[in-house]
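File shown: run04.txt. Contents: compact mmCIF, C-alpha atoms (C1' of nucleotides).
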# COMPACT_ATOMS: atom_id res chain seq x y z
CA MET A 1 -37.53 4.04 3.46
CA ALA A 2 -38.76 1.62 0.84
CA ASP A 3 -41.82 3.42 0.00
CA HIS A 4 -43.97 1.23 -1.92
CA SER A 5 -47.50 1.86 -1.22
CA ASN A 6 -50.14 -0.77 -1.48
CA THR A 7 -51.02 0.81 -4.79
CA ALA A 8 -47.78 -0.39 -6.42
CA LYS A 9 -47.94 -0.69 -10.16
CA ALA A 10 -46.82 -3.62 -12.23
CA GLU A 11 -43.88 -1.63 -13.47
CA ASN A 12 -42.59 -1.39 -9.94
CA LEU A 13 -41.96 -5.00 -9.07
CA LEU A 14 -38.92 -4.30 -6.96
CA PHE A 15 -39.51 -4.25 -3.29
CA LEU A 16 -36.44 -2.46 -2.08
CA THR A 17 -36.07 -2.47 1.66
CA ASP A 18 -33.21 -0.59 3.22
CA ASP A 19 -31.79 -3.89 4.30
CA GLN A 20 -31.71 -5.22 0.75
CA LEU A 21 -29.96 -2.08 -0.40
CA LEU A 22 -27.43 -2.30 2.42
CA GLN A 23 -26.72 -5.87 1.42
CA GLY A 24 -26.01 -4.67 -2.10
CA ILE A 25 -23.71 -2.01 -0.74
CA GLU A 26 -21.76 -4.55 1.26
CA LEU A 27 -21.61 -6.84 -1.74
CA MET A 28 -19.99 -4.05 -3.70
CA PHE A 29 -17.48 -3.53 -0.92
CA PHE A 30 -16.50 -7.18 -0.56
CA ALA A 31 -16.47 -7.87 -4.29
CA TYR A 32 -14.26 -4.89 -5.01
CA LYS A 33 -11.87 -6.02 -2.33
CA GLY A 34 -11.59 -9.44 -3.95
CA PHE A 35 -11.42 -7.89 -7.39
CA THR A 36 -8.29 -5.90 -6.54
CA SER A 37 -6.60 -8.47 -4.34
CA ASP A 38 -4.88 -10.58 -7.00
CA PRO A 39 -3.10 -7.71 -8.77
CA ASP A 40 -2.28 -6.13 -5.41
CA GLN A 41 -0.64 -9.37 -4.38
CA ILE A 42 1.56 -9.42 -7.49
CA LEU A 43 2.47 -5.76 -7.10
CA GLN A 44 3.87 -6.40 -3.64
CA ASN A 45 6.96 -7.75 -5.41
CA TYR A 46 7.44 -4.39 -7.15
CA THR A 47 7.68 -0.80 -6.02
CA TYR A 48 4.32 -0.20 -7.66
CA GLY A 49 0.79 -0.08 -6.31
CA ARG A 50 -2.79 -0.07 -7.47
CA ALA A 51 -2.39 3.37 -9.05
CA HIS A 52 0.28 1.99 -11.38
CA HIS A 53 -1.94 -0.92 -12.28
CA ARG A 54 -4.79 1.37 -13.27
CA ALA A 55 -2.50 3.46 -15.44
CA LEU A 56 -1.06 0.38 -17.14
CA HIS A 57 -4.52 -1.02 -17.74
CA PHE A 58 -5.97 2.03 -19.44
CA ILE A 59 -2.86 2.85 -21.43
CA ASN A 60 -2.94 -0.71 -22.71
CA ARG A 61 -6.59 -0.36 -23.65
CA ASN A 62 -6.10 3.07 -25.26
CA PRO A 63 -2.71 3.20 -26.99
CA ASN A 64 -1.38 6.71 -27.58
CA ILE A 65 -3.81 8.17 -25.07
CA THR A 66 -2.96 11.65 -23.77
CA VAL A 67 -2.41 12.48 -20.11
CA SER A 68 -5.58 14.56 -20.15
CA ALA A 69 -7.72 11.77 -21.49
CA LEU A 70 -6.26 9.34 -18.98
CA LEU A 71 -7.06 11.86 -16.27
CA ASP A 72 -10.71 11.93 -17.30
CA ILE A 73 -10.90 8.17 -17.03
CA LEU A 74 -9.11 7.79 -13.73
CA GLY A 75 -10.70 10.75 -12.00
CA VAL A 76 -7.63 11.80 -10.01
CA THR A 77 -5.62 15.00 -10.16
CA LYS A 78 -2.99 15.31 -12.81
CA GLN A 79 -0.36 15.80 -10.12
CA SER A 80 -1.24 12.46 -8.62
CA LEU A 81 -1.21 10.71 -11.98
CA ASN A 82 2.02 12.43 -12.92
CA ARG A 83 3.96 10.84 -10.10
CA VAL A 84 2.85 7.40 -11.22
CA LEU A 85 3.57 8.09 -14.90
CA ARG A 86 7.00 9.50 -14.11
CA GLN A 87 7.99 6.27 -12.41
CA LEU A 88 6.61 4.11 -15.20
CA VAL A 89 8.38 6.17 -17.85
CA GLU A 90 11.65 6.16 -15.91
CA ASP A 91 11.42 2.39 -15.58
CA LYS A 92 10.68 2.10 -19.29
CA LEU A 93 7.29 0.45 -18.88
CA VAL A 94 5.54 3.38 -20.54
CA ASP A 95 6.65 5.40 -23.52
CA SER A 96 5.73 9.10 -23.50
CA LYS A 97 5.99 10.93 -26.80
CA VAL A 98 5.37 14.60 -27.51
CA GLY A 99 2.16 15.04 -29.49
CA LYS A 100 2.43 15.56 -33.25
CA ARG A 101 -0.45 17.96 -33.79
CA ASP A 102 -0.32 19.57 -30.36
CA ARG A 103 3.11 19.59 -28.82
CA ARG A 104 1.73 20.28 -25.35
CA GLU A 105 0.28 16.80 -25.29
CA ARG A 106 2.03 13.55 -24.46
CA ASN A 107 0.99 10.31 -26.14
CA LEU A 108 1.35 7.31 -23.87
CA LYS A 109 1.78 3.66 -24.76
CA LEU A 110 3.19 0.56 -23.16
CA THR A 111 6.67 -0.68 -23.99
CA PRO A 112 7.13 -4.44 -24.40
CA SER A 113 8.06 -4.81 -20.73
CA GLY A 114 5.07 -2.63 -19.82
CA GLN A 115 2.86 -4.96 -21.79
CA GLU A 116 4.38 -7.89 -20.00
CA LEU A 117 3.63 -6.54 -16.52
CA GLU A 118 0.18 -5.37 -17.57
CA HIS A 119 -0.61 -8.79 -18.89
CA SER A 120 0.46 -10.60 -15.76
CA LEU A 121 -1.77 -8.31 -13.68
CA SER A 122 -4.63 -8.52 -16.12
CA ASP A 123 -4.33 -12.27 -16.26
CA ALA A 124 -4.87 -12.66 -12.54
CA GLN A 125 -7.86 -10.36 -12.60
CA ARG A 126 -9.41 -11.90 -15.70
CA LYS A 127 -9.07 -15.33 -14.18
CA ARG A 128 -11.20 -14.30 -11.22
CA MET A 129 -13.76 -12.59 -13.43
CA ARG A 130 -13.99 -15.58 -15.77
CA ALA A 131 -14.58 -17.95 -12.86
CA ALA A 132 -17.26 -15.67 -11.43
CA TYR A 133 -18.99 -15.31 -14.81
CA LYS A 134 -19.00 -19.04 -15.36
CA ALA A 135 -20.30 -19.81 -11.90
CA ALA A 136 -23.08 -17.25 -12.18
CA GLY A 137 -24.14 -18.00 -15.75
CA PRO A 138 -24.89 -15.86 -18.81
CA ASP A 139 -28.12 -14.27 -17.61
CA ALA A 140 -26.50 -13.26 -14.36
CA VAL A 141 -23.65 -11.66 -16.26
CA GLN A 142 -26.11 -9.60 -18.24
CA GLY A 143 -27.74 -8.43 -15.02
CA PHE A 144 -24.38 -7.71 -13.45
CA ARG A 145 -23.45 -5.53 -16.40
CA SER A 146 -26.78 -3.75 -16.38
CA VAL A 147 -26.78 -2.87 -12.69
CA LEU A 148 -23.16 -1.73 -12.76
CA GLN A 149 -23.82 0.51 -15.73
CA ASN A 150 -26.63 2.11 -13.79
CA ILE A 151 -24.48 2.62 -10.71
CA MET A 152 -21.73 4.45 -12.52
CA ASP A 153 -21.94 8.12 -13.40
CA PRO A 154 -23.60 8.40 -16.83
CA GLN A 155 -20.94 10.62 -18.34
CA MET A 156 -18.34 7.91 -17.70
CA LYS A 157 -20.09 5.50 -20.04
CA ILE A 158 -18.29 7.06 -22.97
CA HIS A 159 -15.16 5.34 -21.67
CA LEU A 160 -16.69 1.91 -22.09
CA ASP A 161 -16.54 0.57 -25.61
CA MET B 1 -23.16 -11.02 -27.13
CA ALA B 2 -21.81 -14.18 -25.50
CA ASP B 3 -22.18 -16.16 -28.64
CA HIS B 4 -21.06 -19.67 -28.01
CA SER B 5 -19.39 -21.85 -30.55
CA ASN B 6 -21.45 -24.59 -32.09
CA THR B 7 -19.45 -27.16 -30.16
CA ALA B 8 -20.23 -25.58 -26.80
CA LYS B 9 -21.65 -27.86 -24.17
CA ALA B 10 -24.82 -26.98 -22.35
CA GLU B 11 -22.87 -26.42 -19.18
CA ASN B 12 -20.51 -24.03 -20.89
CA LEU B 13 -22.70 -21.46 -22.55
CA LEU B 14 -20.38 -18.58 -21.86
CA PHE B 15 -17.89 -17.64 -24.48
CA LEU B 16 -15.61 -15.31 -22.63
CA THR B 17 -13.22 -13.33 -24.76
CA ASP B 18 -10.50 -11.36 -23.06
CA ASP B 19 -12.18 -8.24 -24.31
CA GLN B 20 -15.46 -9.10 -22.64
CA LEU B 21 -13.63 -9.77 -19.40
CA LEU B 22 -11.73 -6.50 -19.66
CA GLN B 23 -15.04 -4.71 -20.16
CA GLY B 24 -16.29 -6.30 -16.96
CA ILE B 25 -13.15 -5.20 -15.16
CA GLU B 26 -13.61 -1.62 -16.30
CA LEU B 27 -17.26 -1.76 -15.34
CA MET B 28 -16.23 -2.71 -11.82
CA PHE B 29 -13.80 0.20 -11.74
CA PHE B 30 -16.26 2.83 -12.95
CA ALA B 31 -19.15 1.53 -10.89
CA TYR B 32 -17.11 1.49 -7.70
CA LYS B 33 -16.02 5.02 -8.37
CA GLY B 34 -19.63 6.15 -8.68
CA PHE B 35 -20.63 4.01 -5.73
CA THR B 36 -18.25 5.83 -3.39
CA SER B 37 -18.63 9.32 -4.82
CA ASP B 38 -21.76 10.46 -2.98
CA PRO B 39 -20.52 9.68 0.54
CA ASP B 40 -17.08 11.04 -0.35
CA GLN B 41 -18.72 14.29 -1.36
CA ILE B 42 -20.51 14.61 1.97
CA LEU B 43 -17.38 13.74 3.93
CA GLN B 44 -15.51 16.65 2.37
CA ASN B 45 -17.37 18.86 4.86
CA TYR B 46 -15.86 16.86 7.73
CA THR B 47 -12.38 15.83 8.76
CA TYR B 48 -13.31 12.27 7.92
CA GLY B 49 -12.71 10.11 4.86
CA ARG B 50 -13.82 6.87 3.31
CA ALA B 51 -12.19 4.86 6.08
CA HIS B 52 -14.45 6.51 8.64
CA HIS B 53 -17.48 5.80 6.50
CA ARG B 54 -16.65 2.11 6.31
CA ALA B 55 -16.23 1.90 10.07
CA LEU B 56 -19.51 3.72 10.70
CA HIS B 57 -21.31 1.48 8.23
CA PHE B 58 -20.24 -1.82 9.73
CA ILE B 59 -20.58 -0.70 13.34
CA ASN B 60 -24.11 0.36 12.50
CA ARG B 61 -24.82 -3.00 10.92
CA ASN B 62 -23.22 -4.96 13.75
CA PRO B 63 -23.87 -3.20 17.06
CA ASN B 64 -21.46 -4.12 19.86
CA ILE B 65 -18.99 -5.57 17.37
CA THR B 66 -15.44 -6.00 18.65
CA VAL B 67 -12.42 -4.35 17.07
CA SER B 68 -11.16 -7.77 15.99
CA ALA B 69 -14.35 -8.68 14.22
CA LEU B 70 -14.43 -5.31 12.51
CA LEU B 71 -10.85 -5.91 11.42
CA ASP B 72 -11.81 -9.19 9.76
CA ILE B 73 -14.51 -7.42 7.79
CA LEU B 74 -12.50 -4.41 6.70
CA GLY B 75 -9.30 -6.26 5.91
CA VAL B 76 -6.92 -3.55 7.10
CA THR B 77 -4.40 -3.61 9.91
CA LYS B 78 -5.62 -2.90 13.41
CA GLN B 79 -3.23 0.02 13.64
CA SER B 80 -4.89 1.61 10.64
CA LEU B 81 -8.38 0.98 11.97
CA ASN B 82 -7.36 2.18 15.39
CA ARG B 83 -6.54 5.68 14.19
CA VAL B 84 -9.98 5.96 12.62
CA LEU B 85 -11.76 4.58 15.67
CA ARG B 86 -9.85 6.86 18.02
CA GLN B 87 -11.10 9.91 16.14
CA LEU B 88 -14.67 8.65 16.03
CA VAL B 89 -14.64 7.87 19.74
CA GLU B 90 -13.05 11.23 20.63
CA ASP B 91 -15.72 12.97 18.59
CA LYS B 92 -18.41 10.92 20.30
CA LEU B 93 -19.74 9.29 17.16
CA VAL B 94 -18.76 5.84 18.37
CA ASP B 95 -19.04 4.42 21.85
CA SER B 96 -16.30 1.98 22.90
CA LYS B 97 -17.01 -0.14 25.95
CA VAL B 98 -14.74 -2.68 27.62
CA GLY B 99 -16.07 -6.19 27.00
CA LYS B 100 -18.03 -7.85 29.78
CA ARG B 101 -16.86 -11.43 29.35
CA ASP B 102 -13.42 -10.60 28.01
CA ARG B 103 -12.04 -7.30 29.22
CA ARG B 104 -9.42 -7.21 26.46
CA GLU B 105 -12.17 -6.63 23.96
CA ARG B 106 -13.93 -3.38 23.12
CA ASN B 107 -17.56 -3.37 22.07
CA LEU B 108 -18.35 -0.69 19.54
CA LYS B 109 -21.63 0.99 18.76
CA LEU B 110 -22.83 4.24 17.27
CA THR B 111 -23.93 7.11 19.46
CA PRO B 112 -27.01 9.08 18.35
CA SER B 113 -24.83 11.57 16.47
CA GLY B 114 -22.89 8.68 14.96
CA GLN B 115 -26.16 7.22 13.75
CA GLU B 116 -27.08 10.55 12.30
CA LEU B 117 -23.90 10.87 10.22
CA GLU B 118 -24.04 7.22 9.20
CA HIS B 119 -27.58 7.66 8.03
CA SER B 120 -26.83 10.70 5.91
CA LEU B 121 -23.98 8.83 4.21
CA SER B 122 -26.01 5.67 3.82
CA ASP B 123 -28.92 7.61 2.46
CA ALA B 124 -26.89 9.02 -0.42
CA GLN B 125 -25.48 5.62 -1.27
CA ARG B 126 -28.80 3.81 -0.99
CA LYS B 127 -30.40 6.35 -3.24
CA ARG B 128 -27.95 5.53 -6.02
CA MET B 129 -28.33 1.79 -5.49
CA ARG B 130 -32.09 2.00 -5.48
CA ALA B 131 -32.13 3.93 -8.73
CA ALA B 132 -29.75 1.44 -10.35
CA TYR B 133 -31.79 -1.52 -9.16
CA LYS B 134 -35.00 -0.01 -10.46
CA ALA B 135 -33.53 0.87 -13.81
CA ALA B 136 -32.04 -2.59 -14.29
CA GLY B 137 -34.99 -4.60 -13.01
CA PRO B 138 -35.39 -7.55 -10.62
CA ASP B 139 -33.73 -10.22 -12.74
CA ALA B 140 -30.72 -8.04 -13.33
CA VAL B 141 -30.42 -7.45 -9.60
CA GLN B 142 -30.37 -11.16 -9.00
CA GLY B 143 -27.58 -11.54 -11.57
CA PHE B 144 -25.69 -8.63 -10.08
CA ARG B 145 -25.80 -10.25 -6.67
CA SER B 146 -24.78 -13.62 -8.02
CA VAL B 147 -21.75 -12.40 -9.96
CA LEU B 148 -20.56 -10.21 -7.10
CA GLN B 149 -20.81 -13.09 -4.66
CA ASN B 150 -18.63 -15.13 -6.98
CA ILE B 151 -16.07 -12.37 -7.32
CA MET B 152 -15.54 -11.94 -3.61
CA ASP B 153 -13.32 -14.21 -1.55
CA PRO B 154 -15.47 -17.13 -0.35
CA GLN B 155 -14.48 -16.80 3.30
CA MET B 156 -15.85 -13.26 3.34
CA LYS B 157 -19.38 -14.49 2.63
CA ILE B 158 -19.88 -15.15 6.33
CA HIS B 159 -20.05 -11.38 6.75
CA LEU B 160 -23.10 -11.11 4.52
CA ASP B 161 -26.35 -11.90 6.26
C1' DT C 1 1.90 -19.24 39.14
C1' DT C 2 3.98 -18.36 35.18
C1' DG C 3 4.54 -18.10 30.18
C1' DG C 4 2.41 -17.54 25.93
C1' DA C 5 -1.34 -15.87 23.08
C1' DA C 6 -4.88 -12.49 22.05
C1' DA C 7 -6.80 -7.68 21.99
C1' DG C 8 -5.89 -3.24 21.61
C1' DT C 9 -2.79 1.23 21.59
C1' DC C 10 1.09 4.33 20.30
C1' DA C 11 4.75 5.74 17.05
C1' DA C 12 7.02 5.96 12.74
C1' DC C 13 6.93 5.19 7.85
C1' DA C 14 5.01 4.39 2.80
C1' DA C 15 1.69 4.92 -0.93
C1' DT C 16 -1.40 7.82 -3.07
C1' DA C 17 -4.60 11.18 -2.91
C1' DC C 18 -4.83 16.48 -2.63
C1' DT C 19 -3.76 22.00 -3.47
C1' DG C 20 -0.65 25.49 -5.11
C1' DA C 21 2.88 27.38 -8.12
C1' DC C 22 4.98 27.08 -12.38
C1' DA C 23 6.82 26.30 -17.52
C1' DT C 24 5.55 25.64 -22.10
C1' DA C 25 2.65 25.61 -26.10
C1' DA C 26 -1.54 26.75 -28.45
C1' DA C 27 -5.46 29.67 -29.22
C1' DA C 28 -7.90 33.92 -28.96
C1' DT C 29 -8.05 38.86 -29.06
C1' DG C 30 -6.60 43.47 -29.95
C1' DC D 1 1.74 40.74 -35.40
C1' DA D 2 1.84 41.33 -30.33
C1' DT D 3 -0.37 40.29 -26.23
C1' DT D 4 -3.39 37.96 -23.37
C1' DT D 5 -5.79 33.86 -22.15
C1' DT D 6 -6.28 29.00 -22.01
C1' DA D 7 -4.67 24.20 -21.97
C1' DT D 8 -1.19 20.59 -20.97
C1' DG D 9 1.99 18.83 -18.23
C1' DT D 10 5.63 19.11 -14.23
C1' DC D 11 7.54 20.03 -9.55
C1' DA D 12 6.91 20.75 -4.50
C1' DG D 13 4.56 20.29 -0.26
C1' DT D 14 0.61 18.42 2.57
C1' DA D 15 -3.29 15.11 4.09
C1' DT D 16 -5.40 10.62 4.31
C1' DT D 17 -4.93 5.97 4.94
C1' DG D 18 -2.47 2.13 4.41
C1' DT D 19 1.83 -0.46 6.44
C1' DT D 20 5.38 -2.64 10.22
C1' DG D 21 7.33 -2.58 14.87
C1' DA D 22 7.17 -2.15 19.86
C1' DC D 23 4.31 -2.08 23.78
C1' DT D 24 0.45 -2.87 27.65
C1' DT D 25 -3.30 -5.31 29.39
C1' DT D 26 -5.88 -9.37 29.88
C1' DC D 27 -6.93 -14.11 29.40
C1' DC D 28 -5.92 -18.96 29.35
C1' DA D 29 -3.36 -23.14 29.75
C1' DA D 30 0.61 -25.84 31.28
Could you express the structure from this file as structure tokens?
Amino acid sequence: MADHSNTAKAENLLFLTDDQLLQGIELMFFAYKGFTSDPDQILQNYTYGRAHHRALHFINRNPNITVSALLDILGVTKQSLNRVLRQLVEDKLVDSKVGKRDRRERNLKLTPSGQELEHSLSDAQRKRMRAAYKAAGPDAVQGFRSVLQNIMDPQMKIHLD
Amino acid sequence: MADHSNTAKAENLLFLTDDQLLQGIELMFFAYKGFTSDPDQILQNYTYGRAHHRALHFINRNPNITVSALLDILGVTKQSLNRVLRQLVEDKLVDSKVGKRDRRERNLKLTPSGQELEHSLSDAQRKRMRAAYKAAGPDAVQGFRSVLQNIMDPQMKIHLD
DNA sequence: TTGGAAAGTCAACAATACTGACATAAAATG
DNA sequence: CATTTTATGTCAGTATTGTTGACTTTCCAA
């Protein structure tokens, strides 16, 4: 446990007890629950779930993305993603076009009604984030971003801007 | 970043573009994915999943907690939690005792082997958190905590220490 | 004492993850 | 150029974990 010896250097100002770390872990759990609750609430009126929301979000952020690239971002199996995409394409929220260079690929983008649903979900989530950012202040936001970037797997950082 | 317009008030230093908020949203997604990956990896060797981990975590943190109280924390239905608890009790990782005052209640706590599994899961997760905290620094950690507390639903704060 | 509320359990179903098998297209190899 | 290998995406079946509904036991209050 929190091994800081009495010879701690100045560069090691953090006194990390197990209890402090467990608090951070619980904070992640509760915050993520709140973070997903607003879109989940909206999606109850549809036949869609959180998986559809994630697909809509990242297709919106990366127009003409391929299934493979989306797979890398989401970190699920292609079979799992495929079920979700099939529904969204059938319902005309997502447009899937055969790739020009490589005809094995599919290029995905949102249709106007896809954009509409994505925006209503995004709006609810952004509202919560904006309120949290404002309440915590600019320095806190910087810290929030820094810690989260260090929690995530490094190779996933390429998917941030 | 966060450049404020020249008409910004002192109380409103944050200039939050949709893009900045969307970046924060994606950061939450990627960080949570990393956050859960280490325990998930370990649990692949068992017949348990993330739901079991959550139960073990909060029973460990709140010895003799009732099923109802655990339900409030986890935010799932009691039927869903019950399946998980039944397995953990059958496998003797959790001890369920009829309440003394109120015999409708069950008081839950970890057995020694339950503590052992919980600790191995916790250890992996704490290791990642500790590394992230150290890399980001003390001020960042404070900001991380502040933003996360503002993201979560206010009534859930009673479950933090 | 009786009727309702609370705590927990059992059963069936839904969403979303998974593995395996497969079709098609591109790339690599002879 | 023909054949094999690799990559992309789809279809089918299974596992985990969420849901609602029906039920028992226990407590409490009228």
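Within 12 Å of DA23 of chain C, once all atoms listed in the file are used and residues closer than 5 positions along the same chain are dropped, the contacting residues are Arg104 of chain A; DT8, DG9, DT10 and DC11 of chain D.
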Which residues of chain B are close to chain D, meaning at most 10 Å apart when you count all atoms listed in the file, and how do they look as a PyMOL selection string?
-> chain B and resi 47-51+76-77+79-81+83-84+102-105
Nearest to Ile73 of chain B, chosen from A:Arg86, A:Lys100, A:Lys33, A:Lys109, with all atoms listed in the file counted in the distances =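 Looking only at the distances to Ile73 of chain B, the closest residue turns out to be A:Lys33.
Least-squares superposition of chain B onto chain A, taking every C-alpha atom paired in order, leaves an RMSD of 2.0 Å.
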Counting only C-alpha atoms, collect the residues of chain B whose closest atom lies at most 8 Å from chain A, and write them out as a PyMOL selection string.
-> chain B and resi 2+12-14+16+18+21-28+30-35+125-126+128-153+156+160-161
Residues of chain C that have any atom at most 10 Å from an atom of chain B: could you tabulate them with the shortest-distance atom pair and the distance in Å to one decimal, using all atoms listed in the file, ordered by chain and increasing number, as JSON lines?
{"residue": "C:DA6", "atom": "C1'", "partner": "B:Arg104", "partner_atom": "CA", "distance": 8.2}
{"residue": "C:DA7", "atom": "C1'", "partner": "B:Arg104", "partner_atom": "CA", "distance": 5.2}
{"residue": "C:DG8", "atom": "C1'", "partner": "B:Arg104", "partner_atom": "CA", "distance": 7.2}
{"residue": "C:DT9", "atom": "C1'", "partner": "B:Asn82", "partner_atom": "CA", "distance": 7.8}
{"residue": "C:DC10", "atom": "C1'", "partner": "B:Gln79", "partner_atom": "CA", "distance": 9.0}
What separation in Å, quoted to one decimal, exists between atom CA of Ile42 of chain B and atom CA of Leu121 of chain B?
->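 Here the two named atoms are 7.1 Å from each other.
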Point-to-point distance in Å for atom CA of Leu108 of chain A and atom CA of Asp72 of chain A = 14.5 Å
Between atom CA of Leu85 of chain B and atom CA of Leu110 of chain B - distance in Å to one decimal | 11.2 Å
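If you measure from each of A:Ser120, A:Asn45, A:Asn64, A:Gln115 to Ser96 of chain A using only C-alpha atoms, the closest one turns out to be A:Asn64.
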Which of these, A:Asp91, A:Leu56, A:Gly99, A:Leu71, has the shortest distance to DA25 of chain C once you count all atoms listed in the file?
->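 For DA25 of chain C, the nearest of the given residues is A:Gly99.
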